[in-house]
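Below: upload-v3.txt (compact mmCIF, N, CA and C atoms)
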```txt
# COMPACT_ATOMS: atom_id res chain seq x y z
N GLY S 1 88.87 108.60 102.77
CA GLY S 1 88.08 107.42 102.54
C GLY S 1 88.71 106.48 101.53
N LEU S 2 89.26 107.01 100.45
CA LEU S 2 89.87 106.16 99.43
C LEU S 2 91.11 105.45 99.97
N ALA S 3 91.87 106.15 100.79
CA ALA S 3 93.06 105.53 101.39
C ALA S 3 92.66 104.38 102.30
N ARG S 4 91.60 104.57 103.09
CA ARG S 4 91.11 103.50 103.97
C ARG S 4 90.63 102.30 103.17
N ASP S 5 89.96 102.56 102.05
CA ASP S 5 89.52 101.47 101.18
C ASP S 5 90.72 100.68 100.66
N ALA S 6 91.76 101.39 100.25
CA ALA S 6 92.97 100.74 99.75
C ALA S 6 93.63 99.91 100.85
N ILE S 7 93.68 100.44 102.07
CA ILE S 7 94.27 99.71 103.20
C ILE S 7 93.50 98.41 103.42
N ARG S 8 92.20 98.48 103.42
CA ARG S 8 91.37 97.29 103.62
C ARG S 8 91.63 96.25 102.53
N LEU S 9 91.69 96.71 101.27
CA LEU S 9 91.94 95.80 100.16
C LEU S 9 93.32 95.14 100.25
N ILE S 10 94.32 95.91 100.61
CA ILE S 10 95.68 95.37 100.72
C ILE S 10 95.75 94.35 101.86
N GLN S 11 95.10 94.65 102.97
CA GLN S 11 95.11 93.72 104.10
C GLN S 11 94.38 92.42 103.73
N GLU S 12 93.29 92.51 103.00
CA GLU S 12 92.58 91.31 102.55
C GLU S 12 93.45 90.50 101.59
N ALA S 13 94.16 91.19 100.69
CA ALA S 13 95.04 90.52 99.75
C ALA S 13 96.20 89.82 100.48
N ARG S 14 96.71 90.46 101.51
CA ARG S 14 97.78 89.86 102.32
C ARG S 14 97.28 88.54 102.89
N LYS S 15 96.09 88.57 103.48
CA LYS S 15 95.50 87.37 104.08
C LYS S 15 95.28 86.29 103.02
N ASN S 16 94.73 86.67 101.88
CA ASN S 16 94.45 85.71 100.80
C ASN S 16 95.72 85.15 100.17
N SER S 17 96.83 85.86 100.33
CA SER S 17 98.11 85.40 99.79
C SER S 17 98.86 84.49 100.76
N GLY S 18 98.28 84.30 101.95
CA GLY S 18 98.92 83.44 102.93
C GLY S 18 100.02 84.12 103.74
N LEU S 19 100.09 85.43 103.65
CA LEU S 19 101.10 86.16 104.42
C LEU S 19 100.59 86.41 105.83
N ASP S 20 101.50 86.43 106.77
CA ASP S 20 101.15 86.70 108.16
C ASP S 20 100.85 88.19 108.33
N VAL S 21 100.01 88.51 109.28
CA VAL S 21 99.62 89.90 109.52
C VAL S 21 100.82 90.75 109.92
N ALA S 22 101.88 90.14 110.45
CA ALA S 22 103.06 90.89 110.88
C ALA S 22 104.16 90.95 109.81
N ASP S 23 103.98 90.26 108.68
CA ASP S 23 104.99 90.28 107.62
C ASP S 23 105.11 91.67 107.00
N ARG S 24 106.32 92.10 106.78
CA ARG S 24 106.56 93.32 106.02
C ARG S 24 106.36 93.00 104.55
N ILE S 25 105.78 93.93 103.80
CA ILE S 25 105.47 93.67 102.40
C ILE S 25 105.97 94.81 101.50
N ALA S 26 105.99 94.51 100.21
CA ALA S 26 106.24 95.51 99.18
C ALA S 26 104.98 95.55 98.31
N VAL S 27 104.55 96.75 97.94
CA VAL S 27 103.31 96.94 97.18
C VAL S 27 103.57 97.80 95.96
N ARG S 28 103.03 97.39 94.83
CA ARG S 28 103.00 98.20 93.61
C ARG S 28 101.55 98.35 93.20
N TRP S 29 101.15 99.55 92.87
CA TRP S 29 99.75 99.79 92.52
C TRP S 29 99.63 100.67 91.29
N GLU S 30 98.47 100.52 90.62
CA GLU S 30 98.12 101.34 89.46
C GLU S 30 96.62 101.62 89.51
N SER S 31 96.23 102.82 89.11
CA SER S 31 94.82 103.16 89.03
C SER S 31 94.58 104.05 87.81
N THR S 32 93.46 103.80 87.15
CA THR S 32 93.10 104.63 86.01
C THR S 32 92.25 105.83 86.42
N ASP S 33 91.91 105.90 87.71
CA ASP S 33 91.10 107.00 88.24
C ASP S 33 92.03 108.05 88.85
N PRO S 34 92.07 109.26 88.29
CA PRO S 34 92.97 110.29 88.81
C PRO S 34 92.73 110.64 90.29
N GLU S 35 91.49 110.59 90.74
CA GLU S 35 91.17 110.89 92.14
C GLU S 35 91.76 109.82 93.07
N VAL S 36 91.65 108.56 92.67
CA VAL S 36 92.22 107.47 93.45
C VAL S 36 93.74 107.57 93.47
N SER S 37 94.34 107.81 92.31
CA SER S 37 95.79 107.95 92.23
C SER S 37 96.29 109.08 93.12
N SER S 38 95.59 110.19 93.10
CA SER S 38 95.96 111.33 93.93
C SER S 38 95.86 110.99 95.41
N ALA S 39 94.78 110.33 95.81
CA ALA S 39 94.60 109.96 97.22
C ALA S 39 95.66 108.96 97.68
N LEU S 40 95.96 107.96 96.85
CA LEU S 40 96.94 106.95 97.25
C LEU S 40 98.36 107.52 97.28
N THR S 41 98.61 108.54 96.49
CA THR S 41 99.90 109.20 96.53
C THR S 41 99.98 110.13 97.74
N ALA S 42 98.93 110.91 97.96
CA ALA S 42 98.92 111.87 99.08
C ALA S 42 99.00 111.17 100.43
N HIS S 43 98.43 109.98 100.52
CA HIS S 43 98.38 109.26 101.80
C HIS S 43 99.32 108.05 101.80
N ALA S 44 100.36 108.11 100.99
CA ALA S 44 101.29 106.98 100.87
C ALA S 44 101.89 106.57 102.21
N GLY S 45 102.28 107.52 103.02
CA GLY S 45 102.88 107.21 104.31
C GLY S 45 101.92 106.49 105.23
N LEU S 46 100.68 106.97 105.29
CA LEU S 46 99.66 106.33 106.12
C LEU S 46 99.39 104.91 105.65
N ILE S 47 99.21 104.74 104.35
CA ILE S 47 98.91 103.42 103.80
C ILE S 47 100.07 102.46 104.08
N ALA S 48 101.28 102.89 103.79
CA ALA S 48 102.45 102.04 104.01
C ALA S 48 102.58 101.64 105.47
N ASP S 49 102.37 102.59 106.37
CA ASP S 49 102.43 102.28 107.81
C ASP S 49 101.37 101.27 108.22
N GLU S 50 100.16 101.47 107.76
CA GLU S 50 99.04 100.60 108.16
C GLU S 50 99.19 99.17 107.65
N VAL S 51 99.75 99.00 106.45
CA VAL S 51 99.88 97.66 105.87
C VAL S 51 101.27 97.06 106.07
N LEU S 52 102.13 97.77 106.82
CA LEU S 52 103.51 97.33 107.09
C LEU S 52 104.31 97.17 105.80
N ALA S 53 104.15 98.13 104.90
CA ALA S 53 104.90 98.09 103.64
C ALA S 53 106.22 98.83 103.79
N THR S 54 107.30 98.14 103.52
CA THR S 54 108.61 98.78 103.52
C THR S 54 108.88 99.41 102.17
N ASP S 55 108.09 99.03 101.18
CA ASP S 55 108.22 99.55 99.82
C ASP S 55 106.80 99.68 99.26
N TYR S 56 106.36 100.92 99.05
CA TYR S 56 105.01 101.19 98.56
C TYR S 56 105.13 102.24 97.46
N ALA S 57 104.73 101.90 96.25
CA ALA S 57 104.89 102.85 95.15
C ALA S 57 103.91 102.57 94.02
N ALA S 58 103.62 103.61 93.27
CA ALA S 58 102.82 103.47 92.06
C ALA S 58 103.71 102.87 90.99
N GLY S 59 103.10 102.13 90.09
CA GLY S 59 103.84 101.58 88.97
C GLY S 59 103.61 100.09 88.81
N SER S 60 104.14 99.57 87.74
CA SER S 60 103.96 98.14 87.47
C SER S 60 104.93 97.32 88.30
N ALA S 61 104.52 96.10 88.59
CA ALA S 61 105.32 95.19 89.41
C ALA S 61 106.11 94.24 88.52
N ASP S 62 107.28 93.84 89.00
CA ASP S 62 108.07 92.87 88.25
C ASP S 62 107.62 91.45 88.60
N ALA S 63 108.32 90.46 88.08
CA ALA S 63 107.93 89.06 88.22
C ALA S 63 108.02 88.54 89.66
N THR S 64 108.69 89.26 90.56
CA THR S 64 108.81 88.78 91.94
C THR S 64 107.54 89.02 92.75
N TYR S 65 106.64 89.82 92.22
CA TYR S 65 105.38 90.09 92.91
C TYR S 65 104.36 89.01 92.55
N GLY S 66 103.41 88.81 93.42
CA GLY S 66 102.39 87.79 93.19
C GLY S 66 101.35 88.22 92.19
N SER S 67 100.25 87.51 92.20
CA SER S 67 99.14 87.78 91.29
C SER S 67 98.55 89.16 91.56
N ALA S 68 97.95 89.70 90.53
CA ALA S 68 97.31 91.02 90.65
C ALA S 68 95.98 90.91 91.38
N PHE S 69 95.71 91.90 92.21
CA PHE S 69 94.41 92.06 92.86
C PHE S 69 93.78 93.29 92.25
N THR S 70 92.52 93.19 91.86
CA THR S 70 91.85 94.30 91.21
C THR S 70 90.56 94.64 91.94
N ASP S 71 90.34 95.93 92.11
CA ASP S 71 89.09 96.42 92.66
C ASP S 71 88.49 97.36 91.63
N GLU S 72 87.43 96.89 90.97
CA GLU S 72 86.83 97.68 89.89
C GLU S 72 86.23 99.00 90.35
N PRO S 73 85.51 99.06 91.51
CA PRO S 73 84.95 100.36 91.93
C PRO S 73 86.02 101.45 92.11
N LEU S 74 87.22 101.06 92.53
CA LEU S 74 88.30 102.05 92.69
C LEU S 74 89.19 102.15 91.46
N SER S 75 88.94 101.33 90.46
CA SER S 75 89.82 101.27 89.29
C SER S 75 91.27 101.05 89.74
N LEU S 76 91.43 100.16 90.70
CA LEU S 76 92.72 99.93 91.34
C LEU S 76 93.20 98.51 91.10
N THR S 77 94.45 98.38 90.69
CA THR S 77 95.10 97.08 90.58
C THR S 77 96.39 97.16 91.36
N PHE S 78 96.67 96.15 92.16
CA PHE S 78 97.92 96.15 92.91
C PHE S 78 98.44 94.74 93.06
N ARG S 79 99.74 94.66 93.33
CA ARG S 79 100.42 93.40 93.59
C ARG S 79 101.25 93.58 94.84
N LEU S 80 101.44 92.48 95.56
CA LEU S 80 102.27 92.57 96.76
C LEU S 80 103.12 91.33 96.92
N ARG S 81 104.15 91.45 97.71
CA ARG S 81 105.02 90.32 98.03
C ARG S 81 105.63 90.58 99.39
N LYS S 82 106.13 89.52 100.00
CA LYS S 82 106.82 89.66 101.27
C LYS S 82 108.13 90.40 101.03
N ALA S 83 108.42 91.35 101.89
CA ALA S 83 109.64 92.15 101.72
C ALA S 83 110.84 91.43 102.29
```

Taking this structure as input, can you express it in the form of structure tokens?
Amino acid sequence: GLARDAIRLIQEARKNSGLDVADRIAVRWESTDPEVSSALTAHAGLIADEVLATDYAAGSADATYGSAFTDEPLSLTFRLRKA
């Protein structure tokens, strides 16, 4: 369930960033919730496949990534950019 929530959030962020649904992206994410972090790590392949991420990893993003998207219920912050 947590992985599906993350997929939905990333897809919404892609749309809000003006990226096309077919664009390959790079994603960096951080969560203060250990359960969320564990789920996003365990399901990294599924999430990356679903959102067309060629680069999906935990950690902070550098200046080439766009604005941060935050979801308070998941304690999740992520950034994305076109790959």

Exercise. Tell me which protein, DNA and RNA residues are within 8 Å of Gly66 in chain S, counting only N, CA and C atoms, leaving out same-chain ones fewer than 3 positions away, and put them as a PyMOL selection string.
Key: chain S and resi 61-63+69+78-82

Quiz item: Got a sec: who's within 8 Å of Thr32 in chain S, counting only N, CA and C atoms, leaving out chain neighbours fewer than 5 positions off, as an MDAnalysis selection string?
Solution: chainID S and resid 37 74:77

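Atom N of Val51 in chain S is found 17.9 Å from atom C of Ser67 in chain S.
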
Self-check item: Best match for closeness to Ala83 in chain S among S:Arg8, S:Ser17, S:Arg24, S:Glu50, counting all atoms listed in the file
Solution: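 When distances to Ala83 in chain S are compared using all atoms listed in the file, the smallest one comes from S:Arg24.
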
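Distance-wise, CA of Thr64 in chain S and CA of Ala22 in chain S end up 19.9 Å apart.
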